[in-house]
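Asker: Pasting final_22.txt here (compact mmCIF, C-alpha atoms):
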```
# COMPACT_ATOMS: atom_id res chain seq x y z
CA MET A 733 118.31 17.64 33.30
CA ALA A 734 117.56 18.29 36.97
CA ASP A 735 114.59 20.45 37.76
CA ARG A 736 115.32 24.06 38.55
CA PRO A 737 114.55 25.23 42.10
CA THR A 738 111.11 26.72 42.58
CA THR A 739 110.89 30.30 43.80
CA VAL A 740 108.38 30.06 46.63
CA ARG A 741 110.91 31.67 49.00
CA TYR A 742 110.68 34.89 47.00
CA GLN A 743 106.89 34.82 47.16
CA VAL A 744 107.16 34.47 50.95
CA LEU A 745 109.56 37.42 51.06
CA THR A 746 107.13 39.46 48.94
CA TRP A 747 104.26 38.83 51.35
CA LEU A 748 106.42 39.75 54.34
CA THR A 749 107.66 42.89 52.59
CA LEU A 750 104.07 43.92 51.86
CA ALA A 751 103.28 43.55 55.56
CA ALA A 752 106.18 45.86 56.41
CA ALA A 753 105.02 48.42 53.82
CA VAL A 754 101.41 48.47 55.02
CA SER A 755 102.40 48.69 58.68
CA TYR A 756 104.70 51.65 58.02
CA LEU A 757 102.06 53.31 55.85
CA CYS A 758 99.79 53.39 58.90
CA ARG A 759 102.37 54.42 61.48
CA ASN A 760 104.09 57.12 59.37
CA ALA A 761 100.91 58.87 58.26
CA VAL A 762 100.89 60.61 61.65
CA SER A 763 104.03 62.74 61.23
CA VAL A 764 103.02 64.65 58.07
CA ALA A 765 99.53 65.26 59.45
CA GLU A 766 100.89 66.33 62.86
CA SER A 767 100.60 70.09 62.42
CA THR A 768 97.06 69.79 60.98
CA VAL A 769 95.89 67.47 63.77
CA ARG A 770 97.54 69.71 66.39
CA SER A 771 95.80 72.79 65.00
CA GLU A 772 92.34 71.21 64.73
CA LEU A 773 92.38 69.60 68.18
CA GLY A 774 94.24 72.44 69.91
CA LEU A 775 97.19 70.34 71.06
CA THR A 776 100.41 71.74 72.49
CA LEU A 777 103.82 70.79 71.09
CA ALA A 778 104.36 68.54 74.10
CA GLN A 779 101.00 66.80 73.51
CA SER A 780 101.90 66.27 69.86
CA GLY A 781 105.15 64.71 71.01
CA TRP A 782 103.23 62.32 73.25
CA PHE A 783 100.79 61.55 70.42
CA MET A 784 103.58 60.68 67.97
CA GLY A 785 105.58 58.77 70.58
CA ALA A 786 102.73 56.84 72.28
CA PHE A 787 102.85 54.14 69.61
CA PHE A 788 106.41 53.26 70.56
CA TRP A 789 105.77 52.67 74.27
CA THR A 790 103.52 49.67 73.73
CA TYR A 791 105.47 48.77 70.60
CA ALA A 792 108.58 48.48 72.77
CA VAL A 793 106.97 46.74 75.76
CA PHE A 794 105.24 44.09 73.64
CA GLN A 795 108.18 43.20 71.36
CA VAL A 796 109.23 40.16 73.37
CA PRO A 797 105.71 38.97 74.37
CA CYS A 798 104.46 39.30 70.80
CA GLY A 799 107.62 37.60 69.52
CA TRP A 800 106.90 34.76 71.97
CA PHE A 801 103.28 34.64 70.75
CA ALA A 802 104.43 34.47 67.11
CA GLU A 803 106.85 31.67 67.98
CA ARG A 804 104.05 29.69 69.65
CA VAL A 805 101.21 30.09 67.12
CA GLY A 806 103.32 30.61 64.00
CA THR A 807 103.83 33.51 61.62
CA ARG A 808 100.70 32.71 59.58
CA ILE A 809 98.23 33.24 62.42
CA ALA A 810 100.22 35.85 64.33
CA LEU A 811 100.85 38.24 61.44
CA SER A 812 97.24 38.01 60.30
CA ILE A 813 96.01 38.95 63.77
CA PHE A 814 98.56 41.76 64.02
CA ALA A 815 97.50 43.21 60.64
CA VAL A 816 93.83 43.33 61.65
CA GLY A 817 94.82 44.96 64.95
CA TRP A 818 96.89 47.79 63.44
CA SER A 819 94.16 48.43 60.86
CA VAL A 820 91.55 48.86 63.59
CA ALA A 821 93.91 51.23 65.43
CA THR A 822 94.47 53.32 62.28
CA PHE A 823 90.71 53.63 61.87
CA GLY A 824 90.55 54.71 65.52
CA ILE A 825 92.98 57.59 64.90
CA GLY A 826 90.73 58.80 62.09
CA VAL A 827 87.62 58.93 64.26
CA ALA A 828 89.19 60.08 67.56
CA PRO A 829 87.66 63.39 68.74
CA MET A 830 90.20 64.25 71.46
CA PHE A 831 93.81 63.91 72.58
CA TRP A 832 93.39 60.94 74.92
CA LEU A 833 91.60 58.83 72.32
CA LEU A 834 94.43 59.54 69.87
CA ILE A 835 96.80 58.22 72.53
CA VAL A 836 94.69 55.07 73.05
CA ALA A 837 94.60 54.37 69.31
CA GLN A 838 98.37 54.79 69.08
CA LEU A 839 98.92 52.46 72.04
CA ILE A 840 96.75 49.80 70.41
CA MET A 841 98.64 50.16 67.14
CA GLY A 842 101.90 49.71 69.03
CA VAL A 843 100.72 46.40 70.48
CA ALA A 844 99.48 45.19 67.08
CA GLN A 845 102.71 46.00 65.27
CA ALA A 846 105.09 44.83 68.01
CA GLY A 847 105.26 41.25 66.76
CA VAL A 848 105.40 41.96 63.04
CA PHE A 849 109.16 42.18 62.70
CA PRO A 850 110.15 39.40 65.15
CA ALA A 851 107.75 37.04 63.34
CA ALA A 852 108.88 38.11 59.87
CA CYS A 853 112.56 37.90 60.81
CA ASN A 854 112.02 34.34 62.01
CA SER A 855 110.33 33.40 58.73
CA ILE A 856 113.17 34.97 56.73
CA GLY A 857 115.54 32.75 58.71
CA GLN A 858 113.40 29.71 57.85
CA TRP A 859 112.87 30.48 54.18
CA MET A 860 115.99 32.24 52.87
CA PRO A 861 119.32 30.48 52.21
CA LEU A 862 122.14 31.45 54.53
CA ALA A 863 123.99 33.22 51.70
CA GLN A 864 120.89 35.36 50.94
CA ARG A 865 119.65 35.91 54.47
CA THR A 866 120.85 39.50 54.84
CA LEU A 867 119.56 40.40 51.39
CA GLY A 868 116.19 39.06 52.49
CA CYS A 869 116.37 41.26 55.58
CA GLY A 870 117.33 44.21 53.37
CA VAL A 871 114.37 43.71 51.04
CA PHE A 872 112.07 43.34 54.03
CA THR A 873 113.33 46.54 55.64
CA ALA A 874 113.01 48.26 52.26
CA GLY A 875 109.30 47.46 52.49
CA MET A 876 109.13 49.57 55.64
CA GLN A 877 110.51 52.55 53.77
CA ILE A 878 108.18 52.03 50.81
CA GLY A 879 105.27 52.37 53.22
CA ALA A 880 106.88 55.39 54.87
CA ILE A 881 107.49 57.09 51.50
CA ILE A 882 103.92 56.46 50.35
CA ALA A 883 102.64 57.92 53.62
CA SER A 884 104.89 61.00 53.37
CA TRP A 885 104.11 61.83 49.78
CA SER A 886 100.42 60.95 49.77
CA VAL A 887 99.40 62.50 53.09
CA GLY A 888 101.11 65.79 52.23
CA VAL A 889 99.04 66.00 49.04
CA LEU A 890 95.79 64.42 50.23
CA ILE A 891 95.55 66.64 53.29
CA LEU A 892 95.14 69.64 50.99
CA GLU A 893 92.02 68.09 49.44
CA PHE A 894 90.50 65.87 52.13
CA ASP A 895 89.85 65.92 55.85
CA TRP A 896 92.75 64.22 57.66
CA ARG A 897 90.29 61.84 59.32
CA TRP A 898 89.25 60.27 56.02
CA ILE A 899 92.89 59.70 55.14
CA PHE A 900 93.38 57.53 58.22
CA VAL A 901 90.12 55.68 57.58
CA ALA A 902 91.33 54.88 54.03
CA PHE A 903 94.75 53.77 55.29
CA SER A 904 93.08 51.24 57.62
CA MET A 905 91.82 49.13 54.69
CA PRO A 906 95.01 47.61 53.12
CA GLY A 907 95.95 45.73 56.30
CA ILE A 908 92.62 43.89 56.36
CA LEU A 909 93.02 42.83 52.74
CA TRP A 910 96.61 41.70 53.34
CA ALA A 911 95.59 39.57 56.34
CA LEU A 912 92.87 37.77 54.37
CA GLY A 913 95.31 36.90 51.58
CA PHE A 914 98.20 35.92 53.85
CA VAL A 915 96.29 33.59 56.17
CA SER A 916 94.93 31.65 53.20
CA TRP A 917 98.27 31.27 51.37
CA PHE A 918 101.27 31.20 53.72
CA ARG A 919 102.78 28.07 55.29
CA GLU A 920 105.30 28.15 58.13
CA ARG A 921 108.22 26.13 56.74
CA PRO A 922 109.48 25.17 53.27
CA GLU A 923 109.18 21.43 53.95
CA LEU A 924 105.49 21.91 54.79
CA THR A 925 104.77 23.71 51.52
CA PRO A 926 103.79 21.45 48.57
CA ALA A 927 104.81 24.09 46.00
CA VAL A 928 108.47 23.89 47.14
CA ASN A 929 110.40 21.30 45.13
CA LEU A 930 113.38 19.31 46.39
CA GLN A 931 115.90 21.58 44.62
CA GLU A 932 114.59 24.71 46.34
CA LEU A 933 114.47 22.93 49.68
CA GLU A 934 118.13 21.92 49.32
CA LEU A 935 119.04 25.46 48.30
CA ILE A 936 117.32 26.91 51.37
CA ARG A 937 119.07 24.43 53.66
CA ALA A 938 122.52 24.91 52.10
CA GLY A 939 125.24 25.70 54.64
CA ARG A 940 123.03 25.31 57.70
CA ASP A 941 124.55 21.99 58.70
CA THR A 942 128.02 23.56 58.91
CA ARG A 943 127.39 25.34 62.21
CA ASP A 944 129.93 23.42 64.28
CA VAL A 945 129.58 24.19 67.95
CA ASN A 946 132.74 24.29 70.01
CA ALA A 947 133.90 25.56 73.35
CA ASN A 948 135.35 28.73 71.85
CA ASP A 949 132.05 30.00 70.45
CA VAL A 950 131.25 33.54 71.53
CA ASN A 951 127.51 32.81 71.31
CA PRO A 952 127.02 29.07 71.98
CA PRO A 953 123.50 27.60 71.82
CA VAL A 954 121.34 28.00 74.90
CA ALA A 955 119.67 24.87 76.21
CA ASP A 956 117.30 26.44 78.75
CA ASP A 957 113.62 26.80 77.98
CA ASP A 958 111.83 30.03 77.13
CA TRP A 959 112.57 33.01 79.39
CA ALA A 960 115.58 31.56 81.23
CA GLY A 961 117.32 30.96 77.90
CA LEU A 962 116.37 34.40 76.63
CA LEU A 963 117.81 36.03 79.75
CA LYS A 964 121.11 34.19 79.19
CA ILE A 965 121.25 35.52 75.64
CA ALA A 966 120.33 39.02 76.83
CA ARG A 967 123.28 39.08 79.24
CA ARG A 968 125.85 38.34 76.56
CA PRO A 969 128.10 41.35 75.80
CA SER A 970 127.42 41.08 72.06
CA MET A 971 123.68 41.29 72.67
CA LEU A 972 124.08 44.31 74.93
CA TRP A 973 126.11 46.19 72.32
CA LEU A 974 123.64 45.14 69.61
CA CYS A 975 120.87 46.65 71.71
CA GLY A 976 122.98 49.79 72.11
CA GLN A 977 123.29 50.37 68.39
CA GLN A 978 119.57 49.73 68.03
CA ILE A 979 118.80 52.47 70.56
CA CYS A 980 120.83 54.91 68.49
CA ARG A 981 119.42 53.85 65.11
CA ALA A 982 115.82 53.80 66.34
CA SER A 983 115.91 57.20 68.01
CA GLY A 984 117.64 58.74 64.99
CA TYR A 985 115.12 57.25 62.58
CA MET A 986 112.27 58.38 64.81
CA PHE A 987 113.27 62.02 64.47
CA PHE A 988 112.85 61.73 60.69
CA ALA A 989 109.56 59.85 61.14
CA SER A 990 108.04 62.32 63.61
CA TRP A 991 109.27 65.92 63.94
CA PHE A 992 111.20 66.19 60.68
CA PRO A 993 108.39 67.73 58.55
CA THR A 994 107.69 70.29 61.29
CA PHE A 995 111.45 70.88 61.65
CA LEU A 996 111.61 71.75 57.94
CA GLN A 997 108.56 74.00 58.19
CA LYS A 998 110.14 75.91 61.09
CA THR A 999 113.76 76.13 59.96
CA ARG A 1000 113.62 76.08 56.17
CA ASP A 1001 110.26 77.84 55.60
CA VAL A 1002 108.62 75.09 53.52
CA SER A 1003 104.91 74.24 53.22
CA VAL A 1004 103.20 71.20 54.75
CA ALA A 1005 102.99 69.50 51.34
CA GLU A 1006 106.65 70.26 50.54
CA SER A 1007 107.78 69.04 53.96
CA GLY A 1008 106.05 65.71 53.30
CA TYR A 1009 107.80 65.45 49.93
CA LEU A 1010 111.20 66.24 51.46
CA GLN A 1011 110.58 63.72 54.25
CA GLY A 1012 109.82 61.18 51.53
CA LEU A 1013 113.22 61.89 49.96
CA VAL A 1014 114.92 61.05 53.26
CA PHE A 1015 112.92 57.83 53.44
CA ALA A 1016 113.96 57.11 49.85
CA GLY A 1017 117.56 57.26 51.05
CA THR A 1018 116.64 54.79 53.78
CA LEU A 1019 114.90 52.53 51.25
CA THR A 1020 117.98 52.45 49.01
CA GLY A 1021 120.26 51.87 51.97
CA CYS A 1022 118.20 48.89 53.14
CA ILE A 1023 118.59 47.11 49.81
CA PHE A 1024 122.27 47.95 49.34
CA GLY A 1025 122.96 47.08 52.98
CA GLY A 1026 121.65 43.58 52.41
CA ILE A 1027 123.64 43.16 49.19
CA LEU A 1028 126.84 44.55 50.72
CA THR A 1029 126.62 42.49 53.91
CA ASP A 1030 126.00 39.23 52.06
CA TRP A 1031 128.80 40.04 49.57
CA ILE A 1032 131.31 40.61 52.36
CA TRP A 1033 130.24 37.41 54.09
CA ARG A 1034 130.56 35.35 50.91
CA ARG A 1035 134.00 36.81 50.12
CA THR A 1036 135.49 36.64 53.62
CA GLY A 1037 133.38 34.20 55.64
CA GLY A 1038 133.61 36.71 58.49
CA LEU A 1039 130.39 37.45 60.34
CA ARG A 1040 132.01 40.16 62.42
CA LEU A 1041 133.31 42.02 59.38
CA SER A 1042 130.07 41.67 57.43
CA ARG A 1043 127.85 42.66 60.37
CA SER A 1044 129.84 44.84 62.78
CA GLY A 1045 132.16 46.31 60.16
CA VAL A 1046 129.30 47.44 57.94
CA GLY A 1047 127.32 48.77 60.91
CA ALA A 1048 130.15 50.80 62.42
CA ALA A 1049 131.27 52.34 59.12
CA ALA A 1050 127.72 53.14 58.05
CA LEU A 1051 126.63 54.89 61.25
CA GLY A 1052 129.93 56.79 61.41
CA ALA A 1053 129.35 58.17 57.91
CA CYS A 1054 125.76 59.06 58.81
CA SER A 1055 126.96 61.06 61.82
CA ILE A 1056 129.35 63.09 59.68
CA LEU A 1057 126.67 63.89 57.08
CA ILE A 1058 124.13 65.04 59.68
CA LEU A 1059 126.79 67.29 61.21
CA ALA A 1060 127.45 68.75 57.75
CA ALA A 1061 123.72 69.48 57.32
CA TRP A 1062 123.80 71.58 60.50
CA PHE A 1063 125.95 74.16 58.66
CA VAL A 1064 123.58 74.39 55.66
CA GLN A 1065 120.56 76.74 55.47
CA ASN A 1066 119.39 75.87 51.98
CA ALA A 1067 116.53 73.37 52.38
CA GLU A 1068 117.32 71.30 49.29
CA LEU A 1069 121.04 70.94 50.07
CA ALA A 1070 120.37 70.18 53.75
CA VAL A 1071 117.84 67.49 52.82
CA ALA A 1072 120.28 66.07 50.26
CA LEU A 1073 122.89 65.65 52.99
CA LEU A 1074 120.34 64.15 55.36
CA THR A 1075 119.10 61.81 52.62
CA LEU A 1076 122.64 60.56 52.08
CA GLY A 1077 122.97 60.23 55.84
CA SER A 1078 119.78 58.16 56.01
CA PHE A 1079 121.19 55.94 53.25
CA PHE A 1080 124.25 55.15 55.36
CA ALA A 1081 122.18 54.67 58.53
CA ALA A 1082 119.99 52.16 56.67
CA LEU A 1083 123.04 50.17 55.53
CA ALA A 1084 123.32 49.00 59.14
CA GLY A 1085 119.71 47.76 59.32
CA PRO A 1086 120.07 44.43 57.47
CA ALA A 1087 123.28 43.72 59.40
CA ALA A 1088 121.36 44.17 62.67
CA PHE A 1089 118.55 41.89 61.49
CA ALA A 1090 121.02 39.23 60.40
CA ALA A 1091 122.93 39.49 63.68
CA THR A 1092 119.79 38.61 65.64
CA ILE A 1093 119.41 35.49 63.50
CA ASP A 1094 123.08 34.63 64.06
CA ILE A 1095 122.80 35.10 67.82
CA GLY A 1096 119.23 33.93 68.34
CA GLY A 1097 119.34 30.39 66.96
CA SER A 1098 115.97 28.84 67.79
CA ARG A 1099 114.86 31.98 69.63
CA VAL A 1100 115.03 34.48 66.77
CA PRO A 1101 111.57 36.06 67.39
CA GLN A 1102 112.37 36.65 71.04
CA VAL A 1103 115.94 37.86 70.46
CA PHE A 1104 114.84 40.21 67.69
CA GLY A 1105 112.01 41.37 69.95
CA LEU A 1106 114.50 42.11 72.73
CA MET A 1107 116.71 44.19 70.43
CA ASN A 1108 113.74 46.00 68.93
CA MET A 1109 112.18 46.55 72.36
CA VAL A 1110 115.07 48.58 73.75
CA GLY A 1111 115.37 50.48 70.48
CA ASN A 1112 111.74 51.42 70.54
CA PHE A 1113 111.86 52.64 74.12
CA ALA A 1114 114.35 55.17 72.74
CA ALA A 1115 112.06 55.84 69.77
CA ALA A 1116 109.14 56.41 72.13
CA ALA A 1117 111.11 58.95 74.15
CA CYS A 1118 112.50 60.71 71.08
CA PRO A 1119 109.44 62.81 70.05
CA VAL A 1120 108.88 63.87 73.67
CA VAL A 1121 112.52 64.82 74.25
CA VAL A 1122 112.75 66.68 70.93
CA GLY A 1123 109.45 68.47 71.59
CA LYS A 1124 110.74 69.60 74.98
CA LEU A 1125 114.03 70.64 73.43
CA PHE A 1126 112.16 72.83 70.94
CA GLU A 1127 110.03 74.38 73.69
CA VAL A 1128 112.97 75.12 76.01
CA THR A 1129 115.56 76.35 73.51
CA ALA A 1130 113.41 77.52 70.56
CA ASP A 1131 116.45 76.43 68.49
CA TRP A 1132 115.15 73.90 65.98
CA ASP A 1133 118.57 73.43 64.36
CA LEU A 1134 120.08 72.17 67.62
CA VAL A 1135 118.46 68.79 67.04
CA LEU A 1136 120.88 68.03 64.18
CA LEU A 1137 123.85 68.25 66.54
CA LEU A 1138 122.03 65.95 68.95
CA PHE A 1139 121.46 63.22 66.37
CA ALA A 1140 124.93 63.51 64.87
CA GLY A 1141 126.15 62.50 68.34
CA VAL A 1142 123.54 59.74 68.63
CA TYR A 1143 124.61 58.08 65.37
CA PHE A 1144 128.29 58.37 66.30
CA THR A 1145 127.53 56.55 69.55
CA GLY A 1146 125.80 53.83 67.53
CA ALA A 1147 128.95 53.39 65.44
CA ILE A 1148 130.97 52.83 68.61
CA CYS A 1149 128.48 50.20 69.80
CA TRP A 1150 128.78 48.28 66.54
CA ILE A 1151 132.54 47.88 67.01
CA PHE A 1152 131.90 45.62 70.01
CA VAL A 1153 129.14 43.45 68.48
CA ASN A 1154 130.51 39.94 67.88
CA PRO A 1155 127.94 37.55 66.34
CA GLN A 1156 128.53 33.80 66.14
CA PRO A 1157 131.97 33.31 64.56
CA HIS A 1158 131.60 29.63 63.74
CA VAL A 1159 129.21 29.86 60.77
CA SER A 1160 130.95 28.41 57.74
CA SER A 1161 131.24 30.36 54.52
CA ASN A 1162 130.62 27.26 52.42
```
Could you express the structure from this file as structure tokens?

Answerer:
Amino acid sequence: MADRPTTVRYQVLTWLTLAAAVSYLCRNAVSVAESTVRSELGLTLAQSGWFMGAFFWTYAVFQVPCGWFAERVGTRIALSIFAVGWSVATFGIGVAPMFWLLIVAQLIMGVAQAGVFPAACNSIGQWMPLAQRTLGCGVFTAGMQIGAIIASWSVGVLILEFDWRWIFVAFSMPGILWALGFVSWFRERPELTPAVNLQELELIRAGRDTRDVNANDVNPPVADDDWAGLLKIARRPSMLWLCGQQICRASGYMFFASWFPTFLQKTRDVSVAESGYLQGLVFAGTLTGCIFGGILTDWIWRRTGGLRLSRSGVGAAALGACSILILAAWFVQNAELAVALLTLGSFFAALAGPAAFAATIDIGGSRVPQVFGLMNMVGNFAAAACPVVVGKLFEVTADWDLVLLLFAGVYFTGAICWIFVNPQPHVSSN
């Protein structure tokens, strides 16, 4: 009897998912603690907006450079360096005595986390079979939400018992431990890993040799080196629309990751601890959506062989449903019912996440870290602006409910963008 395939690919996915969870634990701890930090340091609403959004400016700017760095040195070295960097930045938030040092710590964290997802996405493309690629992306993105949920629920409770500074100091430790374990265990490719047997290697490679290139390809391979090739990919209409949907998804998610607890405190009269719990429920919807999005997208691809239907179809339908649910929440005053609608909305928004990850692998070819970095870069410029714009909106209008109308429109725009995304159509369904 032939040997069964080994399961090293799932161990790799577990390590990458842990990295996503720890990184989001650090970045999402800020939003629940926002009102406490603002009160202790005497910050204005606008300054809090800059504090929460500062991370995303460097996170956006360094997506492509850090993706390039990860491509050059490999995921093993790059992710280990990134994890140490974001851990140091989290420690810096905990010890910062003033506004500008909080900003510096957030900017450093943005640089450190910028290459995490381009590098991990590239490794998922190397390690996961084509028929399981989107599921791998879904599990990985679920790790982000696990970290976000842990941050929301734990910070809201811990801040009642401990100084917020010690919470950030404690949250800086897991990344160091992860980096030490990852750098000693991980190898870049399946064929370089002794623990991978021939059966698993064949399973991982299955279907990859069926990518027949022809003159009718929407996204043919790019032969140019480095930046010239990346610029050619960036100018493709499909890539522009993919970036458009990312702008909408990232800015919408950022509202839930930044101002949402304060929004609940202001509009639904809930406590800091309860607002963290309710934010965690929304993230739980996102977590579930990430996993189901990966399963659904892969299922559609296996049944139809259509990349456009499995990527663009899922993305457009999911963001359209999210828009409708957020609009419905605008009419609801009861906190629990409103959060239930928003949780369901976050579930549908997250369904589009694995499709977006997989589309960058489809389009990127040998430049997945850079292409993913490009998509994530433009999305995170929008995420960086989101807390500032929302903070200004609150100051000018004093109408905290108005933000729900804004983001219902944002997600609807994202659904329109998805309609025009056309990833490589020549990938075989075999």

Asker: Mind giving me the straight-line distance from CA of Trp859 in chain A to CA of Gln931 in chain A in Å, one decimal?

Answerer: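 Pair CA of Trp859 in chain A / CA of Gln931 in chain A returns 13.4 Å.
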
Asker: Taking 4 positions as the minimum chain separation for residues in the same chain, which residues sit within 8 Å of Val887 in chain A when counting only C-alpha atoms? Answer as JSON, numbers by chain.

Answerer: {"A": [761, 764, 765, 883, 891, 899, 1008]}

Asker: For Glu1006 in chain A, find every residue with an atom within 9 Å (counting only C-alpha atoms), except residues of its own chain fewer than 6 positions away, and show them as an MDAnalysis selection string.

Answerer: chainID A and resid 885 888:889 993 997

Asker: Which is closest to Ile1151 in chain A among A:Ile936, A:Leu1041, A:Ala982, A:Ala752, if we use only C-alpha atoms?

Answerer: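 Closest to Ile1151 in chain A, using only C-alpha atoms: A:Leu1041.
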
Asker: Counting only C-alpha atoms, what is within 12 Å of Pro969 in chain A, bar same-chain residues fewer than 4 positions away, as a list of chain:residue names?

Answerer: A:Val950, A:Asn951, A:Lys964, A:Ile965, A:Trp973, A:Leu974, A:Cys975, A:Gly976, A:Ile1095, A:Cys1149, A:Trp1150, A:Ile1151, A:Phe1152, A:Val1153, A:Asn1154, A:Pro1155

Asker: Select, from A:Ala1082, A:Met830, A:Leu750, A:Val816, the residue with the minimum atom-to-atom distance to Val843 in chain A, counting only C-alpha atoms.

Answerer: A:Val816

Asker: What separation in Å, quoted to one decimal, exists between CA of Ser1007 in chain A and CA of Thr1129 in chain A?

Answerer: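 Separation of CA of Ser1007 in chain A and CA of Thr1129 in chain A: 22.3 Å.
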
Asker: Would you mind reading off the distance between CA of Val1014 in chain A and CA of Val1071 in chain A, one decimal, in Å?

Answerer: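 Atom-to-atom, CA of Val1014 in chain A and CA of Val1071 in chain A are spaced 7.1 Å apart.
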
Asker: Give me the box for range 1012-1028 of chain A as AutoDock Vina command-line options, namely the centre and edge lengths in Å to one decimal of a box along x, y and z that holds every listed atom plus 6 Å on each side.

Answerer:
```
--center_x 118.3 --center_y 52.5 --center_z 51.4 --size_x 29.0 --size_y 30.7 --size_z 16.8
```
